[in-house]
Amino acid sequence: MLTACEELDYMPSAHAQALARGVSRVVLVDLSEFPHGILAADQARALGETLEQAGFIAVVAPPGWGSTDHTLLRGLAPLLVPFAVITVSPLPDAIARELTRLGVQRQIALAPPDRIDGWIGRSARTQVRHLREHGHTRIGYWLPADAHLSHFAQARLRAAQDEGARFGDVEVTALGAGDDAASIIAAVRAAGVTAVAAYNDETAFPVIAALHAAGIRIPDGVAVMGIDDHPLAAFAIPPLTTVAFGTSELTAMASVVSHLVDETPIPQTDPDDALPVVVERASV
């Protein structure tokens with residue numbers, strides 16, 4: 001029998017297996033709404049590993065596409081017959097009904113509606129407050145060139161500008177995007193800024209390199225600040241001041257797994273648990 005299966009290249013049917021067991025063990029995790037980066041990648045990997053340790057088969061759509069149409073989820077769900085679907089924010093009603101008709105037994109959202117942009121913006125507001133405390137009132141904002149991050153980058157830029165306007169004495173200017181050193185230096189000089197707040201640490205690294213190449217001292221000439229507390233941030237020259245996060249919606253993994261196993265209610269997260277924290281280093 002096994003030999004015949006091998007010769008025919010037989011693949012078991014997910015539908016048949018689910019019927020035989022009475023329930024599928026597949027969990028589809030769709031993090032496509034969330035911006036990619038090392039923080040999100042670490043959380044996605046940890047969530048997948050936690051699900052696998054609990055006996056589930058985790059299929060993870062990674063962060064980074066900034067998409068709300070859930071194309072991958074909708075394509076995979078009919079093929080895999082998942083027991084559960086985990087998304088960042090609640091699914092639109094039409095998609096939720098579609099999954100219910102397919103037989104998906106649990107639909108879990110890691111964050112309340114409209115939380116993502118607010119969460120993304122908090123870190124940018126923290127940057128502006130911190131730079132102002134260090135005497136910077138002319139701040140440039142440097143963005144990533146990745147089109148998939150455009151929505152999130154604009155959300156951070158708006159939040160930074162709103163925070164500057166709230167103080168009344170801080171001007172936050174959009175400088176540009178990408179990693180071209182000449183463009184970075186030209187934008188910094190044209191805007192006359194004394195500090196650059198970057199979309200994240202990975203966006204800040206080219207800024208630091210460009211300033212070094214132009215002979216501009218950090219932080220005496222121009223301060224630089226990132227977001228995410230990337231593992232390499234401490235090894236930049238000078239070490240990069242950045243924004244890290246407390247416990248967020250994406251770290252409530254044990255609660256999610258408990259809910260999948262025995263329907264234990266998932267506790268409501270406290271928004272203050274995700275408050276950004278400044279990691280002070282030498283670049284500001």
# chains A, B, ... in the order shown; residues from 1 in each chain; ligands from 1

call {"tool": "select_by_dssp", "arguments": {"residues": "region 30-134 of chain A", "states": "strand (DSSP E or B)", "output": "PyMOL selection string"}}
result
chain A and resi 30+57-61+84-87+106-109

call {"tool": "closest_atom_pairs", "arguments": {"of": "region 96-141 of chain A", "to": "region 69-79 of chain A", "cutoff": "9 Å", "atoms": "only C-alpha atoms", "output": "JSON lines"}}
result
{"residue": "A:Glu98", "atom": "CA", "partner": "A:Arg74", "partner_atom": "CA", "distance": 8.6}
{"residue": "A:Leu99", "atom": "CA", "partner": "A:Ala77", "partner_atom": "CA", "distance": 7.4}
{"residue": "A:Leu102", "atom": "CA", "partner": "A:Pro78", "partner_atom": "CA", "distance": 6.7}
{"residue": "A:Val104", "atom": "CA", "partner": "A:Ala77", "partner_atom": "CA", "distance": 8.3}

call {"tool": "atom_distance", "arguments": {"atom1": "CA of Glu52 (chain A)", "atom2": "CA of Phe83 (chain A)"}}
result
13.5 Å

call {"tool": "closest_atom_pairs", "arguments": {"of": "region 155-249 of chain A", "to": "region 119-143 of chain A", "cutoff": "6 Å", "atoms": "only C-alpha atoms", "output": "JSON lines"}}
result
{"residue": "A:Arg156", "atom": "CA", "partner": "A:Gly121", "partner_atom": "CA", "distance": 4.8}
{"residue": "A:Ala159", "atom": "CA", "partner": "A:Gly121", "partner_atom": "CA", "distance": 5.1}
{"residue": "A:Ala160", "atom": "CA", "partner": "A:Arg125", "partner_atom": "CA", "distance": 5.1}
{"residue": "A:Glu163", "atom": "CA", "partner": "A:Arg125", "partner_atom": "CA", "distance": 5.6}
{"residue": "A:Val170", "atom": "CA", "partner": "A:Thr137", "partner_atom": "CA", "distance": 4.3}
{"residue": "A:Glu171", "atom": "CA", "partner": "A:Arg138", "partner_atom": "CA", "distance": 5.1}
{"residue": "A:Val172", "atom": "CA", "partner": "A:Ile139", "partner_atom": "CA", "distance": 4.8}
{"residue": "A:Thr173", "atom": "CA", "partner": "A:Gly140", "partner_atom": "CA", "distance": 4.7}
{"residue": "A:Ala174", "atom": "CA", "partner": "A:Tyr141", "partner_atom": "CA", "distance": 4.9}
{"residue": "A:Leu175", "atom": "CA", "partner": "A:Trp142", "partner_atom": "CA", "distance": 5.5}
{"residue": "A:Gly176", "atom": "CA", "partner": "A:Trp142", "partner_atom": "CA", "distance": 5.6}
{"residue": "A:Ala177", "atom": "CA", "partner": "A:Leu143", "partner_atom": "CA", "distance": 4.4}
{"residue": "A:Val193", "atom": "CA", "partner": "A:Arg138", "partner_atom": "CA", "distance": 4.8}
{"residue": "A:Thr194", "atom": "CA", "partner": "A:Arg138", "partner_atom": "CA", "distance": 5.9}
{"residue": "A:Ala195", "atom": "CA", "partner": "A:Ile139", "partner_atom": "CA", "distance": 4.9}
{"residue": "A:Val196", "atom": "CA", "partner": "A:Gly140", "partner_atom": "CA", "distance": 4.7}
{"residue": "A:Ala197", "atom": "CA", "partner": "A:Tyr141", "partner_atom": "CA", "distance": 4.9}
{"residue": "A:Ala198", "atom": "CA", "partner": "A:Trp142", "partner_atom": "CA", "distance": 4.8}
{"residue": "A:Tyr199", "atom": "CA", "partner": "A:Leu143", "partner_atom": "CA", "distance": 5.3}

call {"tool": "write_last_selection", "arguments": {"atoms": "N, CA and C atoms", "output": "compact mmCIF listing (two decimals), in the first residue's frame"}}
result
# COMPACT_ATOMS: atom_id res chain seq x y z
N ARG A 156 3.36 57.20 10.41
CA ARG A 156 4.36 57.69 11.35
C ARG A 156 4.70 59.16 11.08
N ALA A 159 1.89 61.30 12.42
CA ALA A 159 1.90 61.34 13.88
C ALA A 159 3.02 62.25 14.38
N ALA A 160 4.20 62.17 13.75
CA ALA A 160 5.31 63.02 14.16
C ALA A 160 4.99 64.50 13.93
N GLU A 163 2.47 65.68 16.47
CA GLU A 163 3.09 65.89 17.79
C GLU A 163 3.88 67.19 17.81
N VAL A 170 7.84 73.02 17.43
CA VAL A 170 8.59 71.97 16.74
C VAL A 170 8.09 71.82 15.31
N GLU A 171 9.01 71.88 14.37
CA GLU A 171 8.66 71.68 12.97
C GLU A 171 9.25 70.35 12.50
N VAL A 172 8.38 69.48 12.01
CA VAL A 172 8.80 68.18 11.50
C VAL A 172 8.63 68.18 9.98
N THR A 173 9.74 68.00 9.27
CA THR A 173 9.75 68.08 7.81
C THR A 173 10.02 66.72 7.20
N ALA A 174 9.22 66.34 6.21
CA ALA A 174 9.48 65.11 5.46
C ALA A 174 10.69 65.34 4.56
N LEU A 175 11.77 64.60 4.79
CA LEU A 175 13.00 64.81 4.05
C LEU A 175 13.07 64.01 2.75
N GLY A 176 12.59 62.81 2.78
CA GLY A 176 12.70 61.94 1.61
C GLY A 176 12.71 60.49 2.05
N ALA A 177 13.15 59.62 1.14
CA ALA A 177 13.12 58.18 1.42
C ALA A 177 14.27 57.49 0.69
N VAL A 193 17.79 70.94 9.30
CA VAL A 193 17.35 70.26 10.52
C VAL A 193 18.54 69.97 11.43
N THR A 194 18.25 69.85 12.71
CA THR A 194 19.29 69.48 13.68
C THR A 194 19.15 68.04 14.13
N ALA A 195 18.07 67.38 13.70
CA ALA A 195 17.85 65.98 14.08
C ALA A 195 17.08 65.28 12.97
N VAL A 196 17.35 63.99 12.81
CA VAL A 196 16.60 63.15 11.86
C VAL A 196 15.94 62.03 12.65
N ALA A 197 14.62 61.97 12.57
CA ALA A 197 13.86 60.84 13.10
C ALA A 197 13.59 59.90 11.93
N ALA A 198 13.99 58.66 12.05
CA ALA A 198 13.83 57.70 10.95
C ALA A 198 12.64 56.79 11.23
N TYR A 199 12.04 56.30 10.14
CA TYR A 199 10.87 55.42 10.25
C TYR A 199 11.15 54.23 11.16

call {"tool": "closest_residue", "arguments": {"among": "A:Pro35, A:Asp30, A:Ala44, A:Gln161", "to": "Thr87 (chain A)", "atoms": "only C-alpha atoms"}}
result
A:Asp30

call {"tool": "residues_around", "arguments": {"residues": "Asp42 (chain A)", "least_positions_apart": "3", "cutoff": "12 Å", "atoms": "only C-alpha atoms", "output": "number ranges by chain"}}
result
A: 36-39, 45-49, 62-63, 228, 230-231, 250-251

call {"tool": "closest_residue", "arguments": {"among": "A:Leu51, A:Val59, A:Val29, A:Ala191", "to": "Val261 (chain A)", "atoms": "only C-alpha atoms"}}
result
A:Leu51

call {"tool": "select_by_dssp", "arguments": {"residues": "region 65-219 of chain A", "states": "helix (DSSP H, G or I)", "output": "count of residues only"}}
result
84

call {"tool": "closest_residue", "arguments": {"among": "A:Ala54, A:Ile116, A:Ala165, A:Ala233", "to": "Ala204 (chain A)", "atoms": "only C-alpha atoms"}}
result
A:Ala233
